[in-house]
Amino acid sequence: MTVRNCNQSDQRDAEAYERLKDGAVFAQLVCRPGYCVDKDLFLAEMEDAGVVGLVNILPELGIGRAVLECAVDRKYSLAPILRELVHPALERVRELGARRAHVSLNATNAKEAEVLSNLGFKRVRQYHELKLELAQANLEGSDEPGGSLSRLGDGEEARLAEIENCCFENTWGFNPNTVEYVAWELKAKGNCPEDIILSEESGEVVGYCWPVVDRGREPATSKSKGRIYMLGVRPTHRGRGLGRRLLLAGMRQLKEKGLETVEITVDSQNVAAVGLYRSLGFEVVEDTLWYEKIID
């Protein structure tokens, strides 16, 4: 087995990335701001089998970290492939000047967790994945607060970046966004600006909801999936029901587009958000654990 950097001009790399990272699109990855595909993507390759694993490095230097996305072909032994991939990836993290490397794993991935532990990673955070059947949801709002709901307009990426950064400033794992990154993110998620729901008061955006149509369907039921990708309210406007109002509007939008289920990811330590989602009928379906390694 050999480990090599990705070659942007090599079509095999695109095929391997999309095969191992189900649902990912190589062309979107290459266009990500601040990303260098020939330095940030490592592939493990076997002579007779081709690419059997990868580690992708997503720099988030605004908070001094890099996120490692790991994937290994299930037909092969995970531990030796992952070990060989992570070592050069950590050297790249060091080269980028990041102070820490983060990896997220499904809570059931005990083997991957053991490998990371042996490489010096420690568990630091737990996220919940919640789901709700839209047919069973009560999407009617009640006692709605003042202000008006509107849509993001063309060329208004700066407004979205500003409200995102305000809502999530100092939140664990949030890297402050640039206008360039938000424009890329909209394209990568397949969104038009008008998909983004805004809450405005006196001309100021005080909250937003970003619903997206997930690619694919539920593996067990084949039901179409939607996702509340982002939901935020300015700290000065919290506690007034704006989050609930925006969330309901986002869920109605997904239902109108024909989606059958809606998913959302939340930090388990965000008690207020977890309480809001549960009050609307969301249930936890799985957990994601985050692991951290401090770069010496």
# chains A, B, ... in the order shown; residues from 1 in each chain; ligands from 1
call {"tool": "select_by_dssp", "arguments": {"residues": "range 19-254 of chain A", "states": "strand (DSSP E)", "output": "PDB file with N, CA and C atoms, in the first residue's frame"}}
result
ATOM      1  N   LEU A  41      -5.681  16.473   0.269  1.00  0.00           N
ATOM      2  CA  LEU A  41      -6.353  15.183   0.118  1.00  0.00           C
ATOM      3  C   LEU A  41      -5.310  14.088  -0.056  1.00  0.00           C
ATOM      4  N   PHE A  42      -5.312  13.115   0.882  1.00  0.00           N
ATOM      5  CA  PHE A  42      -4.384  11.987   0.842  1.00  0.00           C
ATOM      6  C   PHE A  42      -5.153  10.711   0.520  1.00  0.00           C
ATOM      7  N   LEU A  43      -4.581   9.905  -0.368  1.00  0.00           N
ATOM      8  CA  LEU A  43      -5.205   8.665  -0.794  1.00  0.00           C
ATOM      9  C   LEU A  43      -4.312   7.478  -0.489  1.00  0.00           C
ATOM     10  N   ALA A  44      -4.913   6.402   0.020  1.00  0.00           N
ATOM     11  CA  ALA A  44      -4.200   5.140   0.220  1.00  0.00           C
ATOM     12  C   ALA A  44      -4.537   4.232  -0.954  1.00  0.00           C
ATOM     13  N   GLU A  45      -3.511   3.724  -1.615  1.00  0.00           N
ATOM     14  CA  GLU A  45      -3.709   2.985  -2.859  1.00  0.00           C
ATOM     15  C   GLU A  45      -2.994   1.641  -2.800  1.00  0.00           C
ATOM     16  N   MET A  46      -3.697   0.591  -3.246  1.00  0.00           N
ATOM     17  CA  MET A  46      -3.108  -0.736  -3.360  1.00  0.00           C
ATOM     18  C   MET A  46      -2.948  -1.079  -4.840  1.00  0.00           C
ATOM     19  N   GLY A  50      -6.542  -0.455  -6.310  1.00  0.00           N
ATOM     20  CA  GLY A  50      -6.760   0.982  -6.478  1.00  0.00           C
ATOM     21  C   GLY A  50      -6.859   1.686  -5.133  1.00  0.00           C
ATOM     22  N   VAL A  51      -7.596   2.761  -5.084  1.00  0.00           N
ATOM     23  CA  VAL A  51      -7.725   3.563  -3.865  1.00  0.00           C
ATOM     24  C   VAL A  51      -8.641   2.858  -2.868  1.00  0.00           C
ATOM     25  N   VAL A  52      -8.135   2.652  -1.647  1.00  0.00           N
ATOM     26  CA  VAL A  52      -8.906   1.939  -0.625  1.00  0.00           C
ATOM     27  C   VAL A  52      -9.197   2.802   0.603  1.00  0.00           C
ATOM     28  N   GLY A  53      -8.679   4.021   0.625  1.00  0.00           N
ATOM     29  CA  GLY A  53      -8.937   4.900   1.763  1.00  0.00           C
ATOM     30  C   GLY A  53      -8.500   6.310   1.461  1.00  0.00           C
ATOM     31  N   LEU A  54      -9.009   7.257   2.256  1.00  0.00           N
ATOM     32  CA  LEU A  54      -8.606   8.652   2.082  1.00  0.00           C
ATOM     33  C   LEU A  54      -8.726   9.404   3.393  1.00  0.00           C
ATOM     34  N   VAL A  55      -7.943  10.463   3.495  1.00  0.00           N
ATOM     35  CA  VAL A  55      -8.115  11.472   4.535  1.00  0.00           C
ATOM     36  C   VAL A  55      -8.122  12.822   3.840  1.00  0.00           C
ATOM     37  N   ASN A  56      -9.181  13.560   4.078  1.00  0.00           N
ATOM     38  CA  ASN A  56      -9.348  14.885   3.496  1.00  0.00           C
ATOM     39  C   ASN A  56      -9.197  15.925   4.600  1.00  0.00           C
ATOM     40  N   ILE A  57      -8.382  16.951   4.361  1.00  0.00           N
ATOM     41  CA  ILE A  57      -8.110  17.979   5.365  1.00  0.00           C
ATOM     42  C   ILE A  57      -8.866  19.246   4.999  1.00  0.00           C
ATOM     43  N   LEU A  58      -9.750  19.684   5.874  1.00  0.00           N
ATOM     44  CA  LEU A  58     -10.503  20.911   5.664  1.00  0.00           C
ATOM     45  C   LEU A  58      -9.973  21.972   6.633  1.00  0.00           C
ATOM     46  N   PRO A  59      -9.154  22.912   6.147  1.00  0.00           N
ATOM     47  CA  PRO A  59      -8.593  23.936   7.032  1.00  0.00           C
ATOM     48  C   PRO A  59      -9.669  24.900   7.519  1.00  0.00           C
ATOM     49  N   GLU A  60      -9.683  25.150   8.820  1.00  0.00           N
ATOM     50  CA  GLU A  60     -10.555  26.164   9.415  1.00  0.00           C
ATOM     51  C   GLU A  60      -9.663  27.003  10.334  1.00  0.00           C
ATOM     52  N   ARG A  65      -7.943  25.346  13.650  1.00  0.00           N
ATOM     53  CA  ARG A  65      -8.080  23.901  13.554  1.00  0.00           C
ATOM     54  C   ARG A  65      -8.142  23.451  12.092  1.00  0.00           C
ATOM     55  N   ALA A  66      -7.989  22.136  11.909  1.00  0.00           N
ATOM     56  CA  ALA A  66      -8.266  21.502  10.623  1.00  0.00           C
ATOM     57  C   ALA A  66      -9.091  20.260  10.908  1.00  0.00           C
ATOM     58  N   VAL A  67     -10.130  20.051  10.111  1.00  0.00           N
ATOM     59  CA  VAL A  67     -11.005  18.886  10.249  1.00  0.00           C
ATOM     60  C   VAL A  67     -10.531  17.805   9.283  1.00  0.00           C
ATOM     61  N   LEU A  68     -10.342  16.594   9.811  1.00  0.00           N
ATOM     62  CA  LEU A  68      -9.945  15.467   8.973  1.00  0.00           C
ATOM     63  C   LEU A  68     -11.168  14.601   8.686  1.00  0.00           C
ATOM     64  N   GLU A  69     -11.484  14.445   7.401  1.00  0.00           N
ATOM     65  CA  GLU A  69     -12.548  13.532   6.977  1.00  0.00           C
ATOM     66  C   GLU A  69     -11.901  12.221   6.553  1.00  0.00           C
ATOM     67  N   CYS A  70     -12.246  11.148   7.229  1.00  0.00           N
ATOM     68  CA  CYS A  70     -11.611   9.848   6.984  1.00  0.00           C
ATOM     69  C   CYS A  70     -12.610   8.872   6.369  1.00  0.00           C
ATOM     70  N   ALA A  71     -12.137   8.066   5.428  1.00  0.00           N
ATOM     71  CA  ALA A  71     -12.981   7.027   4.842  1.00  0.00           C
ATOM     72  C   ALA A  71     -12.100   5.881   4.379  1.00  0.00           C
ATOM     73  N   VAL A  72     -12.510   4.646   4.693  1.00  0.00           N
ATOM     74  CA  VAL A  72     -11.773   3.444   4.306  1.00  0.00           C
ATOM     75  C   VAL A  72     -12.752   2.437   3.721  1.00  0.00           C
ATOM     76  N   ARG A 100      -4.846  22.424  16.275  1.00  0.00           N
ATOM     77  CA  ARG A 100      -5.495  21.164  16.628  1.00  0.00           C
ATOM     78  C   ARG A 100      -6.108  20.532  15.391  1.00  0.00           C
ATOM     79  N   ALA A 101      -6.226  19.201  15.446  1.00  0.00           N
ATOM     80  CA  ALA A 101      -6.900  18.439  14.391  1.00  0.00           C
ATOM     81  C   ALA A 101      -8.147  17.813  14.998  1.00  0.00           C
ATOM     82  N   HIS A 102      -9.256  17.875  14.275  1.00  0.00           N
ATOM     83  CA  HIS A 102     -10.519  17.314  14.730  1.00  0.00           C
ATOM     84  C   HIS A 102     -11.028  16.271  13.746  1.00  0.00           C
ATOM     85  N   VAL A 103     -11.597  15.204  14.282  1.00  0.00           N
ATOM     86  CA  VAL A 103     -12.206  14.143  13.487  1.00  0.00           C
ATOM     87  C   VAL A 103     -13.562  13.810  14.100  1.00  0.00           C
ATOM     88  N   SER A 104     -14.591  13.669  13.267  1.00  0.00           N
ATOM     89  CA  SER A 104     -15.902  13.247  13.772  1.00  0.00           C
ATOM     90  C   SER A 104     -16.182  11.821  13.327  1.00  0.00           C
ATOM     91  N   LEU A 105     -16.767  11.039  14.233  1.00  0.00           N
ATOM     92  CA  LEU A 105     -17.104   9.651  13.955  1.00  0.00           C
ATOM     93  C   LEU A 105     -18.503   9.350  14.476  1.00  0.00           C
ATOM     94  N   ASN A 106     -19.217   8.477  13.781  1.00  0.00           N
ATOM     95  CA  ASN A 106     -20.455   7.954  14.335  1.00  0.00           C
ATOM     96  C   ASN A 106     -20.130   7.248  15.651  1.00  0.00           C
ATOM     97  N   LYS A 122      -8.329  12.595  21.525  1.00  0.00           N
ATOM     98  CA  LYS A 122      -9.198  12.476  22.689  1.00  0.00           C
ATOM     99  C   LYS A 122     -10.593  12.997  22.353  1.00  0.00           C
ATOM    100  N   ARG A 123     -11.603  12.311  22.884  1.00  0.00           N
ATOM    101  CA  ARG A 123     -12.993  12.725  22.651  1.00  0.00           C
ATOM    102  C   ARG A 123     -13.270  14.054  23.352  1.00  0.00           C
ATOM    103  N   VAL A 124     -13.866  15.009  22.609  1.00  0.00           N
ATOM    104  CA  VAL A 124     -14.099  16.332  23.181  1.00  0.00           C
ATOM    105  C   VAL A 124     -15.547  16.810  23.061  1.00  0.00           C
ATOM    106  N   ARG A 125     -16.364  16.204  22.191  1.00  0.00           N
ATOM    107  CA  ARG A 125     -17.716  16.736  21.989  1.00  0.00           C
ATOM    108  C   ARG A 125     -18.644  15.651  21.467  1.00  0.00           C
ATOM    109  N   GLN A 126     -19.926  15.809  21.738  1.00  0.00           N
ATOM    110  CA  GLN A 126     -20.946  14.883  21.246  1.00  0.00           C
ATOM    111  C   GLN A 126     -22.069  15.676  20.580  1.00  0.00           C
ATOM    112  N   TYR A 127     -22.424  15.271  19.375  1.00  0.00           N
ATOM    113  CA  TYR A 127     -23.517  15.906  18.642  1.00  0.00           C
ATOM    114  C   TYR A 127     -24.645  14.893  18.440  1.00  0.00           C
ATOM    115  N   HIS A 128     -25.878  15.405  18.462  1.00  0.00           N
ATOM    116  CA  HIS A 128     -27.041  14.577  18.192  1.00  0.00           C
ATOM    117  C   HIS A 128     -27.495  14.764  16.746  1.00  0.00           C
ATOM    118  N   GLU A 129     -27.903  13.666  16.127  1.00  0.00           N
ATOM    119  CA  GLU A 129     -28.607  13.726  14.846  1.00  0.00           C
ATOM    120  C   GLU A 129     -30.070  13.421  15.137  1.00  0.00           C
ATOM    121  N   LEU A 130     -30.962  14.371  14.831  1.00  0.00           N
ATOM    122  CA  LEU A 130     -32.381  14.222  15.116  1.00  0.00           C
ATOM    123  C   LEU A 130     -33.175  14.146  13.820  1.00  0.00           C
ATOM    124  N   LYS A 131     -34.329  13.487  13.888  1.00  0.00           N
ATOM    125  CA  LYS A 131     -35.154  13.295  12.699  1.00  0.00           C
ATOM    126  C   LYS A 131     -36.625  13.409  13.061  1.00  0.00           C
ATOM    127  N   LEU A 132     -37.418  13.856  12.077  1.00  0.00           N
ATOM    128  CA  LEU A 132     -38.857  13.977  12.264  1.00  0.00           C
ATOM    129  C   LEU A 132     -39.557  13.656  10.949  1.00  0.00           C
ATOM    130  N   GLU A 133     -40.633  12.887  11.022  1.00  0.00           N
ATOM    131  CA  GLU A 133     -41.469  12.629   9.858  1.00  0.00           C
ATOM    132  C   GLU A 133     -42.369  13.847   9.660  1.00  0.00           C
ATOM    133  N   SER A 148     -40.947  40.486  10.386  1.00  0.00           N
ATOM    134  CA  SER A 148     -41.413  39.869   9.151  1.00  0.00           C
ATOM    135  C   SER A 148     -40.416  38.833   8.668  1.00  0.00           C
ATOM    136  N   LEU A 149     -40.930  37.824   7.975  1.00  0.00           N
ATOM    137  CA  LEU A 149     -40.084  36.828   7.351  1.00  0.00           C
ATOM    138  C   LEU A 149     -39.881  37.219   5.893  1.00  0.00           C
ATOM    139  N   SER A 150     -38.635  37.108   5.433  1.00  0.00           N
ATOM    140  CA  SER A 150     -38.302  37.451   4.057  1.00  0.00           C
ATOM    141  C   SER A 150     -37.324  36.417   3.520  1.00  0.00           C
ATOM    142  N   ARG A 151     -36.813  36.669   2.330  1.00  0.00           N
ATOM    143  CA  ARG A 151     -35.882  35.745   1.686  1.00  0.00           C
ATOM    144  C   ARG A 151     -34.589  36.462   1.344  1.00  0.00           C
ATOM    145  N   ILE A 197     -34.439  31.611   4.647  1.00  0.00           N
ATOM    146  CA  ILE A 197     -35.501  32.383   5.294  1.00  0.00           C
ATOM    147  C   ILE A 197     -34.894  33.311   6.340  1.00  0.00           C
ATOM    148  N   LEU A 198     -35.255  34.591   6.271  1.00  0.00           N
ATOM    149  CA  LEU A 198     -34.732  35.592   7.201  1.00  0.00           C
ATOM    150  C   LEU A 198     -35.856  36.141   8.064  1.00  0.00           C
ATOM    151  N   SER A 199     -35.518  36.491   9.301  1.00  0.00           N
ATOM    152  CA  SER A 199     -36.428  37.246  10.163  1.00  0.00           C
ATOM    153  C   SER A 199     -35.838  38.637  10.308  1.00  0.00           C
ATOM    154  N   GLU A 200     -36.619  39.654   9.953  1.00  0.00           N
ATOM    155  CA  GLU A 200     -36.122  41.031   9.967  1.00  0.00           C
ATOM    156  C   GLU A 200     -36.960  41.910  10.891  1.00  0.00           C
ATOM    157  N   GLU A 201     -36.276  42.809  11.570  1.00  0.00           N
ATOM    158  CA  GLU A 201     -36.937  43.809  12.393  1.00  0.00           C
ATOM    159  C   GLU A 201     -36.241  45.144  12.158  1.00  0.00           C
ATOM    160  N   GLU A 204     -33.146  45.126  10.053  1.00  0.00           N
ATOM    161  CA  GLU A 204     -32.013  44.317  10.499  1.00  0.00           C
ATOM    162  C   GLU A 204     -32.394  42.835  10.501  1.00  0.00           C
ATOM    163  N   VAL A 205     -31.493  41.998   9.983  1.00  0.00           N
ATOM    164  CA  VAL A 205     -31.705  40.555  10.043  1.00  0.00           C
ATOM    165  C   VAL A 205     -31.407  40.088  11.465  1.00  0.00           C
ATOM    166  N   VAL A 206     -32.392  39.487  12.124  1.00  0.00           N
ATOM    167  CA  VAL A 206     -32.210  39.078  13.516  1.00  0.00           C
ATOM    168  C   VAL A 206     -32.187  37.558  13.674  1.00  0.00           C
ATOM    169  N   GLY A 207     -32.470  36.825  12.590  1.00  0.00           N
ATOM    170  CA  GLY A 207     -32.421  35.373  12.643  1.00  0.00           C
ATOM    171  C   GLY A 207     -32.582  34.806  11.245  1.00  0.00           C
ATOM    172  N   TYR A 208     -32.228  33.526  11.095  1.00  0.00           N
ATOM    173  CA  TYR A 208     -32.359  32.909   9.772  1.00  0.00           C
ATOM    174  C   TYR A 208     -32.500  31.400   9.904  1.00  0.00           C
ATOM    175  N   CYS A 209     -33.061  30.790   8.846  1.00  0.00           N
ATOM    176  CA  CYS A 209     -33.177  29.343   8.750  1.00  0.00           C
ATOM    177  C   CYS A 209     -32.769  28.941   7.337  1.00  0.00           C
ATOM    178  N   TRP A 210     -31.927  27.911   7.251  1.00  0.00           N
ATOM    179  CA  TRP A 210     -31.406  27.463   5.961  1.00  0.00           C
ATOM    180  C   TRP A 210     -31.817  26.007   5.747  1.00  0.00           C
ATOM    181  N   PRO A 211     -32.949  25.767   5.059  1.00  0.00           N
ATOM    182  CA  PRO A 211     -33.363  24.388   4.765  1.00  0.00           C
ATOM    183  C   PRO A 211     -32.743  23.919   3.445  1.00  0.00           C
ATOM    184  N   VAL A 212     -32.338  22.661   3.392  1.00  0.00           N
ATOM    185  CA  VAL A 212     -31.765  22.103   2.165  1.00  0.00           C
ATOM    186  C   VAL A 212     -32.395  20.743   1.884  1.00  0.00           C
ATOM    187  N   VAL A 213     -32.404  20.385   0.602  1.00  0.00           N
ATOM    188  CA  VAL A 213     -32.873  19.070   0.174  1.00  0.00           C
ATOM    189  C   VAL A 213     -31.673  18.139   0.154  1.00  0.00           C
ATOM    190  N   ASP A 214     -31.664  17.140   1.014  1.00  0.00           N
ATOM    191  CA  ASP A 214     -30.554  16.182   1.048  1.00  0.00           C
ATOM    192  C   ASP A 214     -30.567  15.326  -0.216  1.00  0.00           C
ATOM    193  N   ARG A 215     -29.375  14.937  -0.654  1.00  0.00           N
ATOM    194  CA  ARG A 215     -29.301  13.992  -1.769  1.00  0.00           C
ATOM    195  C   ARG A 215     -29.649  12.590  -1.256  1.00  0.00           C
ATOM    196  N   GLY A 216     -30.351  11.826  -2.069  1.00  0.00           N
ATOM    197  CA  GLY A 216     -30.649  10.455  -1.690  1.00  0.00           C
ATOM    198  C   GLY A 216     -31.895  10.341  -0.839  1.00  0.00           C
ATOM    199  N   ARG A 217     -32.109   9.127  -0.337  1.00  0.00           N
ATOM    200  CA  ARG A 217     -33.291   8.808   0.448  1.00  0.00           C
ATOM    201  C   ARG A 217     -32.899   8.008   1.685  1.00  0.00           C
ATOM    202  N   SER A 224     -37.857  10.475   1.041  1.00  0.00           N
ATOM    203  CA  SER A 224     -37.014  11.611   0.651  1.00  0.00           C
ATOM    204  C   SER A 224     -36.656  12.448   1.877  1.00  0.00           C
ATOM    205  N   LYS A 225     -35.417  12.962   1.873  1.00  0.00           N
ATOM    206  CA  LYS A 225     -34.900  13.637   3.059  1.00  0.00           C
ATOM    207  C   LYS A 225     -34.684  15.125   2.822  1.00  0.00           C
ATOM    208  N   GLY A 226     -35.005  15.904   3.838  1.00  0.00           N
ATOM    209  CA  GLY A 226     -34.640  17.303   3.890  1.00  0.00           C
ATOM    210  C   GLY A 226     -33.824  17.539   5.148  1.00  0.00           C
ATOM    211  N   ARG A 227     -33.214  18.707   5.226  1.00  0.00           N
ATOM    212  CA  ARG A 227     -32.374  19.010   6.386  1.00  0.00           C
ATOM    213  C   ARG A 227     -32.480  20.493   6.720  1.00  0.00           C
ATOM    214  N   ILE A 228     -32.536  20.791   8.010  1.00  0.00           N
ATOM    215  CA  ILE A 228     -32.337  22.163   8.463  1.00  0.00           C
ATOM    216  C   ILE A 228     -30.836  22.297   8.679  1.00  0.00           C
ATOM    217  N   TYR A 229     -30.172  22.907   7.709  1.00  0.00           N
ATOM    218  CA  TYR A 229     -28.718  22.980   7.723  1.00  0.00           C
ATOM    219  C   TYR A 229     -28.220  23.968   8.770  1.00  0.00           C
ATOM    220  N   MET A 230     -28.868  25.125   8.855  1.00  0.00           N
ATOM    221  CA  MET A 230     -28.483  26.128   9.842  1.00  0.00           C
ATOM    222  C   MET A 230     -29.737  26.806  10.371  1.00  0.00           C
ATOM    223  N   LEU A 231     -29.715  27.156  11.645  1.00  0.00           N
ATOM    224  CA  LEU A 231     -30.804  27.897  12.282  1.00  0.00           C
ATOM    225  C   LEU A 231     -30.175  28.754  13.364  1.00  0.00           C
ATOM    226  N   GLY A 232     -30.385  30.068  13.291  1.00  0.00           N
ATOM    227  CA  GLY A 232     -29.747  30.938  14.274  1.00  0.00           C
ATOM    228  C   GLY A 232     -30.544  32.193  14.538  1.00  0.00           C
ATOM    229  N   VAL A 233     -30.396  32.716  15.767  1.00  0.00           N
ATOM    230  CA  VAL A 233     -31.028  33.973  16.183  1.00  0.00           C
ATOM    231  C   VAL A 233     -29.970  34.811  16.893  1.00  0.00           C
TER     232      VAL A 233
END
call {"tool": "select_by_dssp", "arguments": {"residues": "range 123-295 of chain A", "states": "alpha helix (DSSP H)", "output": "JSON, numbers by chain"}}
result
{"A": [157, 158, 159, 160, 161, 162, 163, 164, 165, 166, 167, 168, 179, 180, 181, 182, 183, 184, 185, 186, 187, 188, 242, 243, 244, 245, 246, 247, 248, 249, 250, 251, 252, 253, 254, 255, 256, 271, 272, 273, 274, 275, 276, 277, 278, 279]}
call {"tool": "closest_residue", "arguments": {"among": "A:Gly173, A:Gly241, A:Gly120, A:Gly155", "to": "Leu186 in chain A", "atoms": "only C-alpha atoms"}}
result
A:Gly155
call {"tool": "closest_residue", "arguments": {"among": "A:Glu292, A:Glu47, A:Glu112, A:Asp40", "to": "Glu95 in chain A", "atoms": "only C-alpha atoms"}}
result
A:Asp40
call {"tool": "atom_distance", "arguments": {"atom1": "CA of Pro88 in chain A", "atom2": "CA of Lys39 in chain A"}}
result
10.3 Å
call {"tool": "atom_distance", "arguments": {"atom1": "CA of Ala135 in chain A", "atom2": "CA of Glu260 in chain A"}}
result
6.8 Å
call {"tool": "residues_around", "arguments": {"residues": "Pro193 in chain A", "least_positions_apart": "5", "cutoff": "7 Å", "atoms": "only C-alpha atoms", "output": "PDB file with C-alpha atoms, in the first residue's frame"}}
result
ATOM      1  CA  LEU A 152     -32.237  36.265   0.934  1.00  0.00           C
ATOM      2  CA  GLY A 153     -31.775  38.073  -2.371  1.00  0.00           C
ATOM      3  CA  ASP A 154     -29.306  37.571  -5.195  1.00  0.00           C
TER       4      ASP A 154
END
call {"tool": "closest_residue", "arguments": {"among": "A:Ala110, A:Leu85, A:Ala79, A:Val179", "to": "Arg4 in chain A", "atoms": "only C-alpha atoms"}}
result
A:Leu85
call {"tool": "residues_around", "arguments": {"residues": "range 15-22 of chain A", "least_positions_apart": "2", "cutoff": "7 Å", "atoms": "only C-alpha atoms", "output": "list in words"}}
result
Gln11, Arg12, Asp13, Ala24, Val25, Phe26, Val51, Ala71, Val72 and Asp73 of chain A
call {"tool": "write_last_selection", "arguments": {"atoms": "C-alpha atoms", "output": "PDB file, in the first residue's frame"}}
result
ATOM      1  CA  GLN A  11      -9.924  11.496 -12.911  1.00  0.00           C
ATOM      2  CA  ARG A  12      -9.388   8.384 -10.784  1.00  0.00           C
ATOM      3  CA  ASP A  13      -9.096  10.619  -7.744  1.00  0.00           C
ATOM      4  CA  ALA A  24     -19.826  13.955  -1.941  1.00  0.00           C
ATOM      5  CA  VAL A  25     -19.007  15.822  -5.156  1.00  0.00           C
ATOM      6  CA  PHE A  26     -15.336  16.130  -6.044  1.00  0.00           C
ATOM      7  CA  VAL A  51      -7.725   3.563  -3.865  1.00  0.00           C
ATOM      8  CA  ALA A  71     -12.981   7.027   4.842  1.00  0.00           C
ATOM      9  CA  VAL A  72     -11.773   3.444   4.306  1.00  0.00           C
ATOM     10  CA  ASP A  73     -13.175   0.787   1.983  1.00  0.00           C
TER      11      ASP A  73
END
call {"tool": "closest_residue", "arguments": {"among": "A:Val262, A:Tyr76, A:Pro176, A:Glu286", "to": "Leu160 in chain A", "atoms": "only C-alpha atoms"}}
result
A:Pro176
call {"tool": "closest_residue", "arguments": {"among": "A:Gly97, A:Pro235, A:Gly23, A:Gly250", "to": "Asp296 in chain A", "atoms": "only C-alpha atoms"}}
result
A:Gly97
call {"tool": "residues_around", "arguments": {"residues": "Trp172 in chain A", "least_positions_apart": "6", "cutoff": "10 Å", "atoms": "only C-alpha atoms", "output": "list of chain:residue names"}}
result
A:Ile63, A:Arg125, A:Asp267, A:Gln269
call {"tool": "atom_distance", "arguments": {"atom1": "CA of Asp287 in chain A", "atom2": "CA of Ala107 in chain A"}}
result
5.5 Å
call {"tool": "decode", "arguments": {"residues": "range 146-158 of chain A", "atoms": "N, CA and C atoms", "output": "PDB file, in the first residue's frame"}}
result
ATOM      1  N   GLY A 146     -43.307  39.450  16.691  1.00  0.00           N
ATOM      2  CA  GLY A 146     -43.364  40.452  15.638  1.00  0.00           C
ATOM      3  C   GLY A 146     -42.225  40.298  14.652  1.00  0.00           C
ATOM      4  N   GLY A 147     -42.164  41.244  13.719  1.00  0.00           N
ATOM      5  CA  GLY A 147     -41.160  41.160  12.678  1.00  0.00           C
ATOM      6  C   GLY A 147     -41.698  40.432  11.474  1.00  0.00           C
ATOM      7  N   SER A 148     -40.947  40.486  10.386  1.00  0.00           N
ATOM      8  CA  SER A 148     -41.413  39.869   9.151  1.00  0.00           C
ATOM      9  C   SER A 148     -40.416  38.833   8.668  1.00  0.00           C
ATOM     10  N   LEU A 149     -40.930  37.824   7.975  1.00  0.00           N
ATOM     11  CA  LEU A 149     -40.084  36.828   7.351  1.00  0.00           C
ATOM     12  C   LEU A 149     -39.881  37.219   5.893  1.00  0.00           C
ATOM     13  N   SER A 150     -38.635  37.108   5.433  1.00  0.00           N
ATOM     14  CA  SER A 150     -38.302  37.451   4.057  1.00  0.00           C
ATOM     15  C   SER A 150     -37.324  36.417   3.520  1.00  0.00           C
ATOM     16  N   ARG A 151     -36.813  36.669   2.330  1.00  0.00           N
ATOM     17  CA  ARG A 151     -35.882  35.745   1.686  1.00  0.00           C
ATOM     18  C   ARG A 151     -34.589  36.462   1.344  1.00  0.00           C
ATOM     19  N   LEU A 152     -33.509  35.720   1.373  1.00  0.00           N
ATOM     20  CA  LEU A 152     -32.237  36.265   0.934  1.00  0.00           C
ATOM     21  C   LEU A 152     -32.315  36.575  -0.555  1.00  0.00           C
ATOM     22  N   GLY A 153     -31.737  37.691  -0.964  1.00  0.00           N
ATOM     23  CA  GLY A 153     -31.775  38.073  -2.371  1.00  0.00           C
ATOM     24  C   GLY A 153     -30.473  37.737  -3.083  1.00  0.00           C
ATOM     25  N   ASP A 154     -30.509  37.784  -4.391  1.00  0.00           N
ATOM     26  CA  ASP A 154     -29.306  37.571  -5.195  1.00  0.00           C
ATOM     27  C   ASP A 154     -28.246  38.595  -4.810  1.00  0.00           C
ATOM     28  N   GLY A 155     -27.012  38.130  -4.676  1.00  0.00           N
ATOM     29  CA  GLY A 155     -25.907  39.026  -4.345  1.00  0.00           C
ATOM     30  C   GLY A 155     -25.854  39.466  -2.898  1.00  0.00           C
ATOM     31  N   GLU A 156     -26.657  38.818  -2.027  1.00  0.00           N
ATOM     32  CA  GLU A 156     -26.697  39.223  -0.616  1.00  0.00           C
ATOM     33  C   GLU A 156     -25.950  38.251   0.290  1.00  0.00           C
ATOM     34  N   GLU A 157     -24.910  37.638  -0.241  1.00  0.00           N
ATOM     35  CA  GLU A 157     -24.122  36.700   0.560  1.00  0.00           C
ATOM     36  C   GLU A 157     -23.532  37.374   1.798  1.00  0.00           C
ATOM     37  N   ALA A 158     -23.223  38.667   1.697  1.00  0.00           N
ATOM     38  CA  ALA A 158     -22.652  39.386   2.838  1.00  0.00           C
ATOM     39  C   ALA A 158     -23.637  39.439   4.004  1.00  0.00           C
TER      40      ALA A 158
END
